[in-house]
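Enquirer: Pasting start.tsv below, which is TSV, C-alpha atoms.
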```tsv
chain	number	residue	atom	x	y	z
A	2	MET	CA	-0.50	21.49	-14.46
A	3	GLN	CA	-3.86	19.78	-14.78
A	4	THR	CA	-5.11	17.80	-11.78
A	5	SER	CA	-5.91	14.18	-12.40
A	6	LYS	CA	-9.54	13.22	-12.15
A	7	VAL	CA	-8.57	10.03	-10.27
A	8	GLU	CA	-6.70	11.94	-7.56
A	9	SER	CA	-9.32	11.44	-4.84
A	10	GLN	CA	-10.20	7.87	-5.76
A	11	GLU	CA	-8.80	4.66	-4.38
A	12	ILE	CA	-5.51	3.75	-6.05
A	13	ARG	CA	-5.13	0.16	-7.19
A	14	VAL	CA	-1.53	-1.10	-7.03
A	15	ILE	CA	-0.74	-4.38	-8.75
A	16	TYR	CA	2.41	-6.19	-7.64
A	17	ALA	CA	3.47	-8.74	-10.23
A	18	TRP	CA	6.21	-11.13	-11.31
A	19	ASN	CA	6.31	-14.11	-13.66
A	20	TYR	CA	9.13	-16.33	-12.36
A	21	ASN	CA	8.76	-19.22	-9.94
A	22	ALA	CA	11.55	-18.56	-7.43
A	23	TRP	CA	10.77	-16.32	-4.47
A	24	GLY	CA	12.58	-14.72	-1.58
A	25	GLY	CA	13.76	-11.20	-0.76
A	26	VAL	CA	11.91	-9.53	-3.63
A	27	GLN	CA	8.55	-10.85	-2.48
A	28	ILE	CA	9.32	-9.90	1.13
A	29	TYR	CA	10.06	-6.40	-0.20
A	30	PHE	CA	6.61	-6.25	-1.83
A	31	LEU	CA	4.90	-7.64	1.27
A	32	SER	CA	6.69	-5.09	3.44
A	33	ILE	CA	5.34	-2.30	1.24
A	34	VAL	CA	1.81	-3.67	1.42
A	35	LYS	CA	1.93	-3.91	5.22
A	36	ASN	CA	2.64	-0.19	5.39
A	37	LEU	CA	0.24	1.13	2.72
A	38	ASP	CA	-2.55	3.33	4.02
A	39	SER	CA	-6.22	3.27	3.08
A	40	ARG	CA	-5.70	5.25	-0.14
A	41	PHE	CA	-4.20	2.17	-1.77
A	42	LYS	CA	-5.71	-1.18	-2.68
A	43	PRO	CA	-2.96	-3.76	-3.29
A	44	HIS	CA	-3.42	-6.78	-5.55
A	45	PHE	CA	-0.88	-9.48	-6.41
A	46	ILE	CA	-0.48	-11.32	-9.72
A	47	LEU	CA	1.89	-14.26	-9.40
A	48	PRO	CA	2.63	-17.69	-10.88
A	49	SER	CA	0.44	-20.58	-9.77
A	50	VAL	CA	3.57	-22.60	-8.92
A	51	MET	CA	4.54	-20.35	-6.01
A	52	ASP	CA	5.21	-21.83	-2.58
A	53	SER	CA	2.06	-22.23	-0.47
A	54	GLN	CA	3.70	-20.17	2.30
A	55	LEU	CA	3.53	-17.07	0.13
A	56	PHE	CA	-0.16	-17.59	-0.59
A	57	LYS	CA	-0.77	-17.95	3.16
A	58	MET	CA	1.08	-14.68	3.84
A	59	LEU	CA	-1.16	-12.89	1.34
A	60	THR	CA	-4.28	-14.46	2.85
A	61	ASP	CA	-3.21	-13.49	6.37
A	62	LEU	CA	-2.71	-9.91	5.18
A	63	GLY	CA	-6.15	-9.90	3.56
A	64	VAL	CA	-4.61	-9.11	0.18
A	65	THR	CA	-6.31	-10.24	-3.01
A	66	TYR	CA	-4.30	-12.13	-5.60
A	67	GLU	CA	-4.61	-13.94	-8.91
A	68	GLU	CA	-2.61	-16.90	-10.14
A	69	ILE	CA	-1.33	-16.96	-13.69
A	70	GLY	CA	0.13	-19.81	-15.70
A	71	ALA	CA	2.89	-17.67	-17.16
A	72	GLU	CA	5.80	-18.63	-14.98
A	73	PHE	CA	9.33	-18.57	-16.31
A	74	SER	CA	12.18	-20.59	-14.86
A	75	SER	CA	15.63	-19.47	-15.92
A	76	GLY	CA	18.56	-21.84	-16.05
A	77	TYR	CA	21.86	-22.54	-17.69
A	78	MET	CA	21.60	-24.04	-21.16
A	79	SER	CA	24.64	-25.28	-23.04
A	80	GLY	CA	23.41	-26.21	-26.51
A	81	ILE	CA	22.20	-23.76	-29.15
A	82	TRP	CA	18.86	-25.57	-29.48
A	83	ASP	CA	18.31	-25.53	-25.70
A	84	LYS	CA	19.12	-21.81	-25.59
A	85	LEU	CA	16.66	-21.10	-28.40
A	86	LEU	CA	14.01	-23.16	-26.62
A	87	LEU	CA	14.61	-21.28	-23.37
A	88	HIS	CA	14.33	-17.96	-25.20
A	89	PHE	CA	11.06	-19.07	-26.81
A	90	LYS	CA	9.65	-20.08	-23.40
A	91	LYS	CA	10.69	-16.71	-22.01
A	92	LEU	CA	8.94	-14.78	-24.78
A	93	SER	CA	5.84	-16.96	-24.49
A	94	SER	CA	5.72	-16.41	-20.72
A	95	GLU	CA	6.11	-12.66	-21.08
A	96	TYR	CA	3.39	-12.44	-23.74
A	97	ARG	CA	0.92	-14.26	-21.48
A	98	PHE	CA	2.07	-12.16	-18.53
A	99	TYR	CA	1.57	-8.94	-20.49
A	100	SER	CA	-1.87	-9.98	-21.75
A	101	PHE	CA	-3.00	-10.91	-18.25
A	102	LEU	CA	-1.78	-7.66	-16.70
A	103	CYS	CA	-3.48	-5.54	-19.33
A	104	ARG	CA	-6.88	-6.91	-18.34
A	105	GLY	CA	-6.70	-5.29	-14.92
A	106	ILE	CA	-5.54	-1.82	-15.93
A	107	SER	CA	-7.78	1.19	-15.33
A	108	ALA	CA	-7.23	4.95	-15.02
A	109	ASN	CA	-6.12	4.75	-11.38
A	110	THR	CA	-4.03	1.58	-11.64
A	111	ILE	CA	-0.33	1.36	-10.92
A	112	LEU	CA	1.82	-1.64	-11.84
A	113	HIS	CA	4.82	-2.36	-9.62
A	114	ILE	CA	7.13	-4.98	-11.10
A	115	ASP	CA	10.38	-6.52	-9.98
A	116	PHE	CA	12.99	-6.09	-12.69
A	117	ALA	CA	14.60	-9.52	-12.86
A	118	PRO	CA	17.84	-9.78	-14.89
A	119	TRP	CA	16.19	-12.00	-17.49
A	120	GLN	CA	13.13	-9.81	-17.94
A	121	SER	CA	12.83	-8.27	-21.37
A	122	PHE	CA	13.05	-4.63	-22.27
A	123	LEU	CA	10.03	-5.10	-24.55
A	124	LEU	CA	7.73	-6.23	-21.73
A	125	ILE	CA	8.48	-3.13	-19.64
A	126	TYR	CA	8.22	-0.87	-22.66
A	127	LEU	CA	4.80	-2.20	-23.70
A	128	LEU	CA	3.39	-2.14	-20.16
A	129	SER	CA	4.45	1.49	-19.67
A	130	SER	CA	2.47	2.34	-22.81
A	131	LYS	CA	-0.66	0.97	-21.12
A	132	ALA	CA	-0.32	2.09	-17.49
A	133	ARG	CA	1.84	3.82	-14.93
A	134	VAL	CA	4.62	1.38	-14.18
A	135	PHE	CA	7.16	1.28	-11.36
A	136	ILE	CA	10.05	-1.12	-11.65
A	137	THR	CA	12.38	-1.98	-8.78
A	138	LEU	CA	15.95	-2.98	-9.48
A	139	HIS	CA	17.82	-4.82	-6.75
A	140	ASN	CA	21.11	-5.38	-8.57
A	141	PRO	CA	22.96	-3.75	-11.46
A	142	VAL	CA	22.49	-5.67	-14.70
A	143	ASP	CA	25.52	-7.66	-15.85
A	144	THR	CA	27.36	-5.42	-18.33
A	145	THR	CA	30.86	-6.90	-18.10
A	146	GLN	CA	30.86	-7.59	-21.83
A	147	LYS	CA	31.05	-4.49	-24.00
A	148	TRP	CA	28.19	-5.52	-26.27
A	149	ARG	CA	25.93	-6.03	-23.22
A	150	LYS	CA	26.84	-2.63	-21.85
A	151	PHE	CA	26.11	-0.98	-25.18
A	152	LEU	CA	22.79	-2.82	-25.54
A	153	TRP	CA	21.58	-1.92	-22.05
A	154	ARG	CA	22.60	1.67	-22.51
A	155	ILE	CA	20.31	1.85	-25.53
A	156	LYS	CA	17.51	0.03	-23.71
A	157	PHE	CA	17.59	2.27	-20.65
A	158	TYR	CA	17.83	5.36	-22.83
A	159	ILE	CA	14.58	4.34	-24.52
A	160	LEU	CA	12.89	3.30	-21.27
A	161	SER	CA	13.86	6.51	-19.48
A	162	ARG	CA	11.95	8.51	-22.09
A	163	LYS	CA	8.68	6.75	-21.26
A	164	LYS	CA	6.58	9.21	-19.28
A	165	ASN	CA	4.66	6.50	-17.40
A	166	LEU	CA	7.74	4.53	-16.36
A	167	HIS	CA	9.34	5.17	-12.96
A	168	PHE	CA	12.42	3.64	-11.39
A	169	PHE	CA	13.04	2.44	-7.85
A	170	ALA	CA	16.39	1.07	-6.66
A	171	SER	CA	16.53	-0.97	-3.46
A	172	ASN	CA	20.09	0.07	-2.61
A	173	ARG	CA	22.44	2.96	-3.37
A	174	LEU	CA	24.82	0.88	-5.47
A	175	THR	CA	22.01	-0.01	-7.87
A	176	LYS	CA	20.66	3.57	-7.84
A	177	ASP	CA	24.04	5.00	-8.87
A	178	TRP	CA	24.49	2.35	-11.54
A	179	LEU	CA	20.99	2.86	-12.92
A	180	GLU	CA	21.26	6.64	-13.09
A	181	SER	CA	24.44	6.31	-15.13
A	182	TYR	CA	22.30	4.60	-17.80
A	183	LEU	CA	19.19	6.81	-17.65
A	184	SER	CA	19.09	9.83	-19.95
A	185	ASP	CA	16.80	12.30	-18.20
A	186	LYS	CA	15.30	10.52	-15.19
A	187	SER	CA	16.46	9.75	-11.70
A	188	ALA	CA	15.98	6.57	-9.71
A	189	ILE	CA	14.32	6.77	-6.30
A	190	LEU	CA	16.11	4.99	-3.46
A	191	THR	CA	13.68	2.66	-1.68
A	192	TYR	CA	15.67	0.28	0.50
A	193	SER	CA	14.48	-3.26	1.12
A	194	GLY	CA	13.60	-2.27	4.65
A	195	ILE	CA	12.35	-4.16	7.67
A	196	ASN	CA	9.04	-4.13	9.49
A	197	LEU	CA	10.10	-3.31	13.04
A	198	ASP	CA	6.66	-4.16	14.42
A	199	GLU	CA	7.04	-7.67	13.02
A	200	ILE	CA	10.54	-7.98	14.48
A	201	HIS	CA	9.43	-6.76	17.91
A	202	ALA	CA	6.50	-9.20	17.93
A	203	ILE	CA	8.74	-12.28	17.70
A	204	ASP	CA	8.39	-14.63	20.64
A	205	LYS	CA	11.82	-14.47	22.27
A	206	THR	CA	11.45	-17.82	24.05
A	207	ARG	CA	10.52	-20.16	21.22
A	208	ASP	CA	13.01	-22.88	22.07
A	209	GLU	CA	10.43	-25.42	20.94
A	210	LEU	CA	11.44	-24.45	17.40
A	211	LEU	CA	14.84	-26.04	17.97
A	212	HIS	CA	13.16	-29.29	18.96
A	213	TYR	CA	10.78	-29.22	15.98
A	214	TYR	CA	13.56	-28.53	13.47
A	215	ARG	CA	15.99	-30.91	15.23
A	216	ILE	CA	18.59	-28.28	16.08
A	217	PRO	CA	20.56	-29.03	19.29
A	218	SER	CA	19.92	-26.37	21.93
A	219	GLY	CA	23.17	-26.77	23.83
A	220	LYS	CA	25.51	-25.53	21.10
A	221	ILE	CA	26.42	-22.13	19.73
A	222	LYS	CA	24.36	-21.67	16.59
A	223	ILE	CA	25.99	-20.16	13.48
A	224	LEU	CA	23.21	-19.59	10.98
A	225	SER	CA	22.87	-18.67	7.32
A	226	VAL	CA	19.79	-18.06	5.18
A	227	GLY	CA	18.97	-18.20	1.48
A	228	GLN	CA	18.65	-20.39	-1.56
A	229	PHE	CA	21.15	-23.24	-1.31
A	230	ILE	CA	22.99	-22.23	-4.47
A	231	ASP	CA	26.56	-21.35	-5.41
A	232	ARG	CA	25.86	-17.61	-5.62
A	233	LYS	CA	25.00	-17.63	-1.92
A	234	GLY	CA	28.40	-19.08	-1.01
A	235	ARG	CA	27.08	-22.41	0.24
A	236	TRP	CA	30.35	-24.33	-0.14
A	237	ASP	CA	32.33	-21.49	1.47
A	238	PHE	CA	30.01	-21.81	4.46
A	239	LEU	CA	30.63	-25.55	4.70
A	240	GLU	CA	34.38	-25.23	4.26
A	241	ALA	CA	34.49	-22.51	6.93
A	242	ALA	CA	32.48	-24.83	9.18
A	243	ARG	CA	35.03	-27.61	8.65
A	244	ILE	CA	37.87	-25.25	9.60
A	245	VAL	CA	36.10	-23.90	12.70
A	246	LEU	CA	35.17	-27.37	13.94
A	247	ARG	CA	38.82	-28.37	14.06
A	248	SER	CA	39.25	-26.21	17.15
A	249	ARG	CA	35.69	-25.66	18.42
A	250	LYS	CA	33.36	-28.53	19.22
A	251	ASP	CA	30.68	-26.41	20.87
A	252	VAL	CA	29.21	-24.98	17.66
A	253	ILE	CA	26.66	-26.07	15.09
A	254	PHE	CA	26.17	-24.64	11.61
A	255	VAL	CA	22.63	-24.21	10.26
A	256	TRP	CA	21.39	-23.16	6.82
A	257	LEU	CA	17.73	-22.12	6.38
A	258	THR	CA	16.40	-22.38	2.85
A	259	ASN	CA	13.29	-22.69	0.71
A	260	SER	CA	15.29	-24.45	-2.03
A	261	GLN	CA	14.62	-27.94	-3.28
A	262	ILE	CA	17.87	-29.77	-2.52
A	263	ALA	CA	19.26	-31.94	-5.32
A	264	ARG	CA	20.59	-35.40	-4.51
A	265	THR	CA	24.01	-34.41	-5.86
A	266	ASP	CA	24.10	-31.47	-3.43
A	267	LEU	CA	23.30	-33.77	-0.51
A	268	GLU	CA	26.13	-36.06	-1.59
A	269	LYS	CA	28.55	-33.14	-1.75
A	270	ILE	CA	27.47	-31.96	1.71
A	271	ASP	CA	28.37	-35.39	3.08
A	272	GLN	CA	31.87	-35.06	1.61
A	273	TYR	CA	32.64	-32.24	4.06
A	274	GLY	CA	32.36	-34.72	6.92
A	275	LEU	CA	30.45	-32.35	9.20
A	276	GLY	CA	27.95	-34.96	10.37
A	277	GLY	CA	25.48	-33.60	12.90
A	278	ASN	CA	27.39	-30.32	13.16
A	279	PHE	CA	25.66	-29.08	9.99
A	280	ILE	CA	21.90	-28.96	9.60
A	281	LEU	CA	20.10	-27.97	6.41
A	282	VAL	CA	16.57	-26.82	7.23
A	283	ASP	CA	14.40	-26.84	4.11
A	284	ASN	CA	10.98	-27.44	5.68
A	285	ILE	CA	10.23	-24.15	7.44
A	286	LYS	CA	6.47	-23.95	7.97
A	287	ASN	CA	5.97	-20.19	7.92
A	288	ARG	CA	7.62	-16.81	8.29
A	289	ALA	CA	7.05	-16.74	12.05
A	290	ASP	CA	9.13	-19.91	12.39
A	291	TYR	CA	11.81	-18.47	10.13
A	292	LEU	CA	12.13	-15.30	12.18
A	293	GLY	CA	11.99	-17.34	15.38
A	294	LEU	CA	14.91	-19.49	14.24
A	295	LEU	CA	16.84	-16.42	13.11
A	296	ASN	CA	16.28	-14.94	16.54
A	297	LEU	CA	17.78	-18.05	18.16
A	298	ALA	CA	21.05	-17.75	16.21
A	299	ASP	CA	24.20	-16.68	18.05
A	300	ILE	CA	26.05	-15.52	14.90
A	301	PHE	CA	24.58	-14.79	11.48
A	302	VAL	CA	26.67	-15.45	8.36
A	303	LEU	CA	25.89	-14.67	4.72
A	304	PRO	CA	28.88	-15.61	2.49
A	305	SER	CA	27.36	-14.46	-0.82
A	306	HIS	CA	29.30	-14.06	-4.06
A	307	LYS	CA	26.72	-11.67	-5.54
A	308	GLU	CA	23.89	-9.78	-3.84
A	309	GLY	CA	21.77	-6.70	-3.73
A	310	LEU	CA	21.11	-5.71	-0.14
A	311	PRO	CA	19.75	-8.92	1.43
A	312	ILE	CA	16.74	-8.51	3.69
A	313	ALA	CA	18.06	-11.41	5.79
A	314	ILE	CA	21.05	-9.31	6.87
A	315	LEU	CA	18.78	-6.44	7.91
A	316	GLU	CA	16.51	-8.80	9.85
A	317	ALA	CA	19.49	-10.32	11.66
A	318	MET	CA	20.75	-6.83	12.53
A	319	ALA	CA	17.32	-5.84	13.85
A	320	LEU	CA	17.36	-8.96	16.03
A	321	LYS	CA	20.71	-7.85	17.49
A	322	LYS	CA	22.77	-10.61	15.91
A	323	PRO	CA	26.49	-10.17	15.18
A	324	VAL	CA	26.73	-10.45	11.39
A	325	ILE	CA	29.49	-11.65	9.08
A	326	SER	CA	29.07	-11.15	5.35
A	327	THR	CA	31.07	-10.37	2.21
A	328	THR	CA	32.27	-7.16	0.60
A	329	VAL	CA	30.21	-7.71	-2.56
A	330	ASP	CA	27.79	-5.27	-4.16
A	331	ALA	CA	25.46	-3.42	-1.75
A	332	ILE	CA	26.18	-5.40	1.42
A	333	PRO	CA	28.62	-2.74	2.75
A	334	GLU	CA	25.71	-0.27	2.78
A	335	ALA	CA	24.47	-2.15	5.86
A	336	ILE	CA	27.62	-3.78	7.22
A	337	ARG	CA	30.19	-1.21	8.31
A	338	GLN	CA	33.43	-2.95	9.14
A	339	MET	CA	33.77	-3.62	12.87
A	340	GLN	CA	30.90	-1.23	13.62
A	341	THR	CA	27.75	-3.07	12.50
A	342	GLY	CA	29.35	-6.36	11.51
A	343	ILE	CA	32.38	-7.99	9.90
A	344	LEU	CA	33.07	-8.03	6.16
A	345	VAL	CA	35.25	-10.66	4.49
A	346	GLU	CA	36.24	-11.23	0.88
A	347	PRO	CA	33.94	-13.58	-1.06
A	348	LYS	CA	35.09	-17.08	-2.00
A	349	LYS	CA	37.63	-17.16	0.84
A	350	PRO	CA	36.37	-19.69	3.40
A	351	GLU	CA	39.59	-19.42	5.45
A	352	GLU	CA	38.91	-15.70	5.98
A	353	LEU	CA	35.28	-16.47	6.81
A	354	ALA	CA	36.34	-19.10	9.34
A	355	SER	CA	38.79	-16.65	10.92
A	356	ALA	CA	36.01	-14.08	11.37
A	357	ILE	CA	33.73	-16.69	12.95
A	358	LEU	CA	36.46	-17.76	15.37
A	359	LYS	CA	37.13	-14.11	16.21
A	360	LEU	CA	33.51	-13.65	17.28
A	361	LEU	CA	33.39	-16.97	19.11
A	362	ASP	CA	36.40	-15.95	21.18
A	363	ASP	CA	35.24	-12.40	21.97
A	364	ALA	CA	31.85	-11.99	23.65
A	365	SER	CA	32.41	-8.25	24.05
A	366	LEU	CA	32.91	-7.85	20.30
A	367	ARG	CA	29.78	-9.89	19.59
A	368	ASN	CA	27.75	-7.63	21.84
A	369	SER	CA	29.14	-4.35	20.49
A	370	LEU	CA	28.56	-5.38	16.86
A	371	ALA	CA	25.03	-6.53	17.67
A	372	GLU	CA	24.18	-3.24	19.38
A	373	GLY	CA	25.75	-1.19	16.59
A	374	ALA	CA	23.84	-3.20	13.99
A	375	PHE	CA	20.54	-2.69	15.81
A	376	ARG	CA	20.98	1.08	16.08
A	377	TYR	CA	22.00	1.45	12.44
A	378	VAL	CA	19.28	-0.73	10.92
A	379	THR	CA	16.46	0.87	12.93
A	380	GLN	CA	17.60	4.36	11.93
A	381	LYS	CA	18.13	3.73	8.23
A	382	PHE	CA	16.04	0.75	7.12
A	383	ASP	CA	12.64	1.18	8.79
A	384	MET	CA	10.07	0.17	6.14
A	385	LYS	CA	7.49	2.66	7.44
A	386	SER	CA	9.70	5.58	6.40
A	387	ILE	CA	10.62	3.93	3.11
A	388	CYS	CA	6.97	3.25	2.31
A	389	GLU	CA	6.15	6.95	2.73
A	390	ILE	CA	8.52	7.63	-0.17
A	391	ILE	CA	6.92	4.86	-2.21
A	392	MET	CA	3.34	6.05	-1.59
A	393	SER	CA	4.27	9.63	-2.45
A	394	SER	CA	5.83	8.39	-5.70
A	395	TYR	CA	2.69	6.42	-6.56
A	396	GLU	CA	0.49	9.46	-5.96
A	397	GLU	CA	2.74	11.84	-7.83
A	398	SER	CA	2.55	9.63	-10.92
A	399	LEU	CA	-1.25	10.02	-10.97
A	400	LYS	CA	-1.45	13.77	-10.42
A	401	SER	CA	-1.16	14.95	-14.00
A	402	GLU	CA	-2.18	13.59	-17.36
```
Can the structure in the file be given as structure tokens, please?
Expert:
Amino acid sequence: MQTSKVESQEIRVIYAWNYNAWGGVQIYFLSIVKNLDSRFKPHFILPSVMDSQLFKMLTDLGVTYEEIGAEFSSGYMSGIWDKLLLHFKKLSSEYRFYSFLCRGISANTILHIDFAPWQSFLLIYLLSSKARVFITLHNPVDTTQKWRKFLWRIKFYILSRKKNLHFFASNRLTKDWLESYLSDKSAILTYSGINLDEIHAIDKTRDELLHYYRIPSGKIKILSVGQFIDRKGRWDFLEAARIVLRSRKDVIFVWLTNSQIARTDLEKIDQYGLGGNFILVDNIKNRADYLGLLNLADIFVLPSHKEGLPIAILEAMALKKPVISTTVDAIPEAIRQMQTGILVEPKKPEELASAILKLLDDASLRNSLAEGAFRYVTQKFDMKSICEIIMSSYEESLKSE
């Protein structure tokens, strides 16, 4: 095997995506960057429409970045013309994205790209012909329809034969699914881990956050996090709140989000009649405030209908919060029933409400689940250990030509 001539040089790693929503995926990239050593020089390429909070995080980390006008916003389209227009916008975005990325490629450059469900096979294929590319999958691709399954099997067969293309999976469910589609390559498990130093640095007495975000301090706080969308189980959360509040008046339900809330959603929230017992916080200033609010929760709930392995669950576990979530996808990799949390079936708000009431009525159970969650998450999901695997994979890809 011939040793690469760039082996001893600084390795440039470009983290890139071309869609305008952000959340767990970007936290995953930031967590990697926080744990890279001096061999690596990270650089971000991202849409110019990203939230200012993300730009501030990059600035605070001292990470360089470039903005690109190639963002793509997916959405449901009903008419044939609208679908064709959306497809054209997608292709146009990916062409500009590809052209922009190719400008920054050199012999010791690595591209690390999130593999969003709507991202095209062609984009990944072309990029891996130009540079060493790592893609991270967080969820299995939808292959419920036979023609989709057949098409993706062909796509992944072709992609897996690209020498410069490498696969990460951020949970075991996705790793197993992906490897069933790859012909002669394996996927490397790189969990969406947590930065324990960041967790430990949280100010434990930041009650002023409750005042700033207008959350009553005298009530038990049941908190959820994520985009305020159907996939996250938002209406299940509100229905469960309505059920719980019939018998408990000492609780308040809080949802933290970076979503823009539509007027129709606000009107539907009002229909649940929760009044001041539900607070939607959509103006969080920074990540420190987010983690501070999460730390002030008494119970954490994530009623998702579809997920990878949400970083919010891992953060709540690391903060010793009793967690309730659903049995979907990779969530059971973190939540072990009655050991590190409680699992309920998705789309069943009555079952969710029952689990919340169970925790409210049993302080001993809350404490045991919180302690079990903390032990498990610190042993299995420490980003420092995960990043060692990632850095070794980066280096290995550059060793031979």
Enquirer: Determine, counting all atoms listed in the file, which protein, DNA and RNA residues have an atom within 6 Å of an atom of range 314-326 of chain A; residues of the same chain fewer than 6 positions away are not included. Present the result as a ChimeraX atom specification.
Expert: /A:300-304,342-344,367,370-371,374-375
Enquirer: Kindly give the distance, in Å, that separates CA of Asn165 in chain A and CA of Tyr126 in chain A, rounded to a single decimal.
Expert: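 According to the coordinates, CA of Asn165 in chain A and CA of Tyr126 in chain A are separated by 9.7 Å.
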Enquirer: Name the residues in contact with Pro48 in chain A at a cut-off of 6 Å, using all atoms listed in the file, excluding same-chain residues fewer than 3 positions from it; report them as number ranges by chain.
Expert: A: 19, 51, 68-70, 72
Enquirer: Using all atoms listed in the file, which of the listed residues (A:Ile216, A:His201, A:Val252, A:Pro350) sits closest to Trp236 in chain A?
Expert: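 Distance minimum relative to Trp236 in chain A lands on A:Pro350.
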Enquirer: Mind listing whatever residues come within 8 Å of the point (26.0, -6.4, -4.1)? Use all atoms listed in the file, file coordinates, and give them as a PDB file with C-alpha atoms, in the coordinates of the input.
Expert:
```pdb
ATOM      1  CA  ASN A 140      21.110  -5.380  -8.570  1.00  0.00           C
ATOM      2  CA  LEU A 174      24.820   0.880  -5.470  1.00  0.00           C
ATOM      3  CA  LYS A 307      26.720 -11.670  -5.540  1.00  0.00           C
ATOM      4  CA  GLU A 308      23.890  -9.780  -3.840  1.00  0.00           C
ATOM      5  CA  GLY A 309      21.770  -6.700  -3.730  1.00  0.00           C
ATOM      6  CA  LEU A 310      21.110  -5.710  -0.140  1.00  0.00           C
ATOM      7  CA  THR A 328      32.270  -7.160   0.600  1.00  0.00           C
ATOM      8  CA  VAL A 329      30.210  -7.710  -2.560  1.00  0.00           C
ATOM      9  CA  ASP A 330      27.790  -5.270  -4.160  1.00  0.00           C
ATOM     10  CA  ALA A 331      25.460  -3.420  -1.750  1.00  0.00           C
ATOM     11  CA  ILE A 332      26.180  -5.400   1.420  1.00  0.00           C
TER      12      ILE A 332
END
```
Enquirer: Need the neighbours of (25.0, 1.4, 4.4): which residues are at most 10 Å away, counting all atoms listed in the file, as a ChimeraX atom specification?
Expert: /A:172-174,310,331-337,341,377-378,381-382
Enquirer: Counting only C-alpha atoms, which of A:Asp231, A:Glu95, A:Val134, A:Thr144 gets nearest to Ser121 in chain A?
Expert: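 Closest residue, counting only C-alpha atoms: A:Glu95.
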Enquirer: Work out how far CA of Ile391 in chain A is from CA of Phe169 in chain A, in Å to one decimal.
Expert: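 Going from CA of Phe169 in chain A over to CA of Ile391 in chain A covers 8.7 Å.
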Enquirer: So, counting all atoms listed in the file, which residue among A:Leu59, A:Ala170, A:Ser53, A:Gly24 is closest to Gly227 in chain A?
Expert: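 Under the stated criterion, the closest residue is A:Gly24.
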Enquirer: Between CA of Thr137 in chain A and CA of Phe116 in chain A, measure the distance and give it in Å to one decimal.
Expert: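 Those two atoms sit 5.7 Å apart.
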Enquirer: Would you mind telling me which residue in A:Arg235, A:Ile12, A:Tyr20, A:Tyr192 lies nearest to Leu37 in chain A when using all atoms listed in the file?
Expert: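 Ranking A:Arg235, A:Ile12, A:Tyr20, A:Tyr192 by distance to Leu37 in chain A, first place goes to A:Ile12.
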Enquirer: Can you pull out the residues contacting range 258-265 of chain A? Cut-off 6 Å, using all atoms listed in the file, and skip same-chain residues under 2 positions away; I want them as a VMD selection string.
Expert: chain A and resid 226 to 228 267 to 268 283
Enquirer: For Leu102 in chain A, work out the shell of residues within 10 Å, counting all atoms listed in the file and skipping chain neighbours fewer than 4 positions away, then give it as JSON, numbers by chain.
Expert: {"A": [15, 17, 46, 69, 96, 97, 98, 106, 112, 128, 131, 132]}
